[in-house]
Amino acid sequence: MSELVSSDNEPQLRIRINVSRSVKGVYSFDVTVEGTNVPLKKILETHDRVVAELKKRYPDAEVA
């Protein structure tokens with residue numbers, strides 16, 4: 001097991017991605033980006049960039 005150790009003021013981004021496929025084969029995904037000591041603009045830009053990449057990989061996916 002690894003442990004992440006950082007100082008209290010160090011900027012951190014956490015990106016969570018969930019991709020699922022229905023019984024009918026339809027993909028859907030949702031993305032969560034959390035930031036500590038990171039400007040909101042950077043969090044939103046990161047979210048948009050991840051969503052754009054997922055849309056390329058799963059063009060017919062439903063976005064949750």
# chains A, B, ... in the order shown; residues from 1 in each chain; ligands from 1
>>> residues_around(residues="segment 49-58 of chain A", least_positions_apart="5", cutoff="12 Å", atoms="only C-alpha atoms", output="compact mmCIF listing (two decimals) with C-alpha atoms, in the first residue's frame")
# COMPACT_ATOMS: atom_id res chain seq x y z
CA ILE A 15 -9.48 13.12 -11.13
CA ARG A 16 -12.05 10.34 -10.92
CA ILE A 17 -13.47 8.74 -14.07
CA ASN A 18 -16.22 6.16 -14.25
CA VAL A 19 -16.92 4.51 -17.59
CA SER A 20 -19.68 1.94 -17.81
CA ARG A 21 -21.40 -0.02 -20.54
CA GLY A 25 -23.69 -1.80 -25.28
CA VAL A 26 -24.18 1.94 -24.73
CA TYR A 27 -21.25 3.57 -22.97
CA SER A 28 -21.65 6.32 -20.40
CA PHE A 29 -19.14 8.15 -18.28
CA ASP A 30 -18.87 10.72 -15.56
CA VAL A 31 -15.88 12.74 -14.45
CA THR A 32 -15.12 14.37 -11.12
CA VAL A 33 -12.19 16.75 -10.64
CA LYS A 42 -7.56 25.17 -13.63
CA ILE A 43 -10.03 22.64 -12.16
CA LEU A 44 -12.62 23.48 -14.84
CA VAL A 63 -22.46 11.90 -20.48
CA ALA A 64 -23.77 11.58 -16.94
>>> select_by_dssp(residues="segment 19-63 of chain A", states="strand (DSSP E)", output="list in words")
Val19, Ser20, Arg21, Tyr27, Ser28, Phe29, Asp30, Val31, Thr32, Val33, Glu34, Gly35, Thr36, Glu62 and Val63 of chain A
>>> write_last_selection(atoms="N, CA, C and O atoms", output="mmCIF file, in the first residue's frame")
data_model
loop_
_atom_site.group_PDB
_atom_site.id
_atom_site.type_symbol
_atom_site.label_atom_id
_atom_site.label_comp_id
_atom_site.auth_asym_id
_atom_site.auth_seq_id
_atom_site.Cartn_x
_atom_site.Cartn_y
_atom_site.Cartn_z
ATOM 1 N N VAL A 19 -16.388 4.866 -16.278
ATOM 2 C CA VAL A 19 -16.920 4.507 -17.593
ATOM 3 C C VAL A 19 -17.675 3.203 -17.420
ATOM 4 O O VAL A 19 -17.162 2.247 -16.840
ATOM 5 N N SER A 20 -18.900 3.176 -17.904
ATOM 6 C CA SER A 20 -19.685 1.945 -17.813
ATOM 7 C C SER A 20 -20.354 1.655 -19.155
ATOM 8 O O SER A 20 -20.498 2.539 -19.992
ATOM 9 N N ARG A 21 -20.733 0.398 -19.314
ATOM 10 C CA ARG A 21 -21.399 -0.018 -20.537
ATOM 11 C C ARG A 21 -22.681 -0.745 -20.164
ATOM 12 O O ARG A 21 -22.681 -1.660 -19.353
ATOM 13 N N TYR A 27 -22.195 3.083 -23.968
ATOM 14 C CA TYR A 27 -21.250 3.569 -22.972
ATOM 15 C C TYR A 27 -21.769 4.859 -22.339
ATOM 16 O O TYR A 27 -22.432 5.666 -22.987
ATOM 17 N N SER A 28 -21.410 5.039 -21.072
ATOM 18 C CA SER A 28 -21.653 6.318 -20.401
ATOM 19 C C SER A 28 -20.470 6.571 -19.480
ATOM 20 O O SER A 28 -19.758 5.640 -19.094
ATOM 21 N N PHE A 29 -20.236 7.824 -19.190
ATOM 22 C CA PHE A 29 -19.136 8.148 -18.276
ATOM 23 C C PHE A 29 -19.473 9.388 -17.473
ATOM 24 O O PHE A 29 -20.316 10.187 -17.846
ATOM 25 N N ASP A 30 -18.806 9.489 -16.327
ATOM 26 C CA ASP A 30 -18.867 10.724 -15.559
ATOM 27 C C ASP A 30 -17.473 11.005 -15.025
ATOM 28 O O ASP A 30 -16.673 10.099 -14.823
ATOM 29 N N VAL A 31 -17.200 12.275 -14.850
ATOM 30 C CA VAL A 31 -15.880 12.742 -14.450
ATOM 31 C C VAL A 31 -16.026 13.674 -13.256
ATOM 32 O O VAL A 31 -16.894 14.544 -13.255
ATOM 33 N N THR A 32 -15.173 13.468 -12.264
ATOM 34 C CA THR A 32 -15.115 14.373 -11.121
ATOM 35 C C THR A 32 -13.681 14.859 -10.978
ATOM 36 O O THR A 32 -12.744 14.049 -10.987
ATOM 37 N N VAL A 33 -13.506 16.167 -10.876
ATOM 38 C CA VAL A 33 -12.187 16.747 -10.644
ATOM 39 C C VAL A 33 -12.262 17.556 -9.359
ATOM 40 O O VAL A 33 -13.107 18.435 -9.227
ATOM 41 N N GLU A 34 -11.394 17.224 -8.418
ATOM 42 C CA GLU A 34 -11.330 17.942 -7.149
ATOM 43 C C GLU A 34 -9.953 18.578 -7.029
ATOM 44 O O GLU A 34 -8.954 17.975 -7.428
ATOM 45 N N GLY A 35 -9.905 19.761 -6.476
ATOM 46 C CA GLY A 35 -8.630 20.434 -6.325
ATOM 47 C C GLY A 35 -8.445 21.009 -4.941
ATOM 48 O O GLY A 35 -9.387 21.499 -4.336
ATOM 49 N N THR A 36 -7.222 20.913 -4.453
ATOM 50 C CA THR A 36 -6.844 21.533 -3.186
ATOM 51 C C THR A 36 -5.755 22.543 -3.494
ATOM 52 O O THR A 36 -4.740 22.193 -4.111
ATOM 53 N N GLU A 62 -23.124 8.394 -23.517
ATOM 54 C CA GLU A 62 -23.985 9.339 -22.826
ATOM 55 C C GLU A 62 -23.188 9.929 -21.686
ATOM 56 O O GLU A 62 -22.538 9.218 -20.929
ATOM 57 N N VAL A 63 -23.206 11.244 -21.539
ATOM 58 C CA VAL A 63 -22.463 11.901 -20.481
ATOM 59 C C VAL A 63 -23.380 12.069 -19.285
ATOM 60 O O VAL A 63 -24.437 12.668 -19.377
#
>>> select_by_dssp(residues="chain A", states="alpha helix (DSSP H)", output="list of chain:residue names")
A:Leu40, A:Lys41, A:Lys42, A:Ile43, A:Leu44, A:Glu45, A:Thr46, A:His47, A:Asp48, A:Arg49, A:Val50, A:Val51, A:Ala52, A:Glu53, A:Leu54, A:Lys55, A:Lys56, A:Arg57
>>> write_last_selection(atoms="N, CA and C atoms", output="PDB file, in the first residue's frame")
ATOM      1  N   LEU A  40      -9.974  27.616  -9.373  1.00  0.00           N
ATOM      2  CA  LEU A  40     -11.161  27.031  -9.988  1.00  0.00           C
ATOM      3  C   LEU A  40     -11.004  26.945 -11.502  1.00  0.00           C
ATOM      4  N   LYS A  41     -10.388  27.943 -12.110  1.00  0.00           N
ATOM      5  CA  LYS A  41     -10.192  27.944 -13.559  1.00  0.00           C
ATOM      6  C   LYS A  41      -9.405  26.709 -14.009  1.00  0.00           C
ATOM      7  N   LYS A  42      -8.362  26.341 -13.275  1.00  0.00           N
ATOM      8  CA  LYS A  42      -7.557  25.167 -13.629  1.00  0.00           C
ATOM      9  C   LYS A  42      -8.360  23.885 -13.434  1.00  0.00           C
ATOM     10  N   ILE A  43      -9.194  23.817 -12.392  1.00  0.00           N
ATOM     11  CA  ILE A  43     -10.033  22.645 -12.160  1.00  0.00           C
ATOM     12  C   ILE A  43     -11.005  22.465 -13.324  1.00  0.00           C
ATOM     13  N   LEU A  44     -11.662  23.551 -13.737  1.00  0.00           N
ATOM     14  CA  LEU A  44     -12.619  23.477 -14.838  1.00  0.00           C
ATOM     15  C   LEU A  44     -11.936  23.140 -16.164  1.00  0.00           C
ATOM     16  N   GLU A  45     -10.758  23.712 -16.404  1.00  0.00           N
ATOM     17  CA  GLU A  45     -10.017  23.397 -17.627  1.00  0.00           C
ATOM     18  C   GLU A  45      -9.627  21.925 -17.664  1.00  0.00           C
ATOM     19  N   THR A  46      -9.205  21.388 -16.524  1.00  0.00           N
ATOM     20  CA  THR A  46      -8.838  19.980 -16.437  1.00  0.00           C
ATOM     21  C   THR A  46     -10.051  19.100 -16.709  1.00  0.00           C
ATOM     22  N   HIS A  47     -11.185  19.448 -16.107  1.00  0.00           N
ATOM     23  CA  HIS A  47     -12.420  18.691 -16.317  1.00  0.00           C
ATOM     24  C   HIS A  47     -12.795  18.683 -17.798  1.00  0.00           C
ATOM     25  N   ASP A  48     -12.787  19.841 -18.418  1.00  0.00           N
ATOM     26  CA  ASP A  48     -13.158  19.955 -19.832  1.00  0.00           C
ATOM     27  C   ASP A  48     -12.220  19.146 -20.726  1.00  0.00           C
ATOM     28  N   ARG A  49     -10.927  19.152 -20.391  1.00  0.00           N
ATOM     29  CA  ARG A  49      -9.941  18.416 -21.181  1.00  0.00           C
ATOM     30  C   ARG A  49     -10.172  16.895 -21.064  1.00  0.00           C
ATOM     31  N   VAL A  50     -10.481  16.419 -19.859  1.00  0.00           N
ATOM     32  CA  VAL A  50     -10.732  14.996 -19.656  1.00  0.00           C
ATOM     33  C   VAL A  50     -12.016  14.576 -20.374  1.00  0.00           C
ATOM     34  N   VAL A  51     -13.073  15.380 -20.261  1.00  0.00           N
ATOM     35  CA  VAL A  51     -14.334  15.070 -20.944  1.00  0.00           C
ATOM     36  C   VAL A  51     -14.122  15.029 -22.453  1.00  0.00           C
ATOM     37  N   ALA A  52     -13.374  15.968 -22.993  1.00  0.00           N
ATOM     38  CA  ALA A  52     -13.114  15.989 -24.438  1.00  0.00           C
ATOM     39  C   ALA A  52     -12.375  14.721 -24.874  1.00  0.00           C
ATOM     40  N   GLU A  53     -11.420  14.277 -24.088  1.00  0.00           N
ATOM     41  CA  GLU A  53     -10.688  13.054 -24.420  1.00  0.00           C
ATOM     42  C   GLU A  53     -11.601  11.834 -24.358  1.00  0.00           C
ATOM     43  N   LEU A  54     -12.464  11.768 -23.358  1.00  0.00           N
ATOM     44  CA  LEU A  54     -13.395  10.643 -23.254  1.00  0.00           C
ATOM     45  C   LEU A  54     -14.399  10.645 -24.401  1.00  0.00           C
ATOM     46  N   LYS A  55     -14.822  11.825 -24.845  1.00  0.00           N
ATOM     47  CA  LYS A  55     -15.744  11.903 -25.983  1.00  0.00           C
ATOM     48  C   LYS A  55     -15.085  11.396 -27.259  1.00  0.00           C
ATOM     49  N   LYS A  56     -13.755  11.581 -27.383  1.00  0.00           N
ATOM     50  CA  LYS A  56     -13.034  11.049 -28.537  1.00  0.00           C
ATOM     51  C   LYS A  56     -12.983   9.524 -28.483  1.00  0.00           C
ATOM     52  N   ARG A  57     -12.742   9.000 -27.291  1.00  0.00           N
ATOM     53  CA  ARG A  57     -12.635   7.544 -27.130  1.00  0.00           C
ATOM     54  C   ARG A  57     -13.985   6.847 -27.215  1.00  0.00           C
TER      55      ARG A  57
END
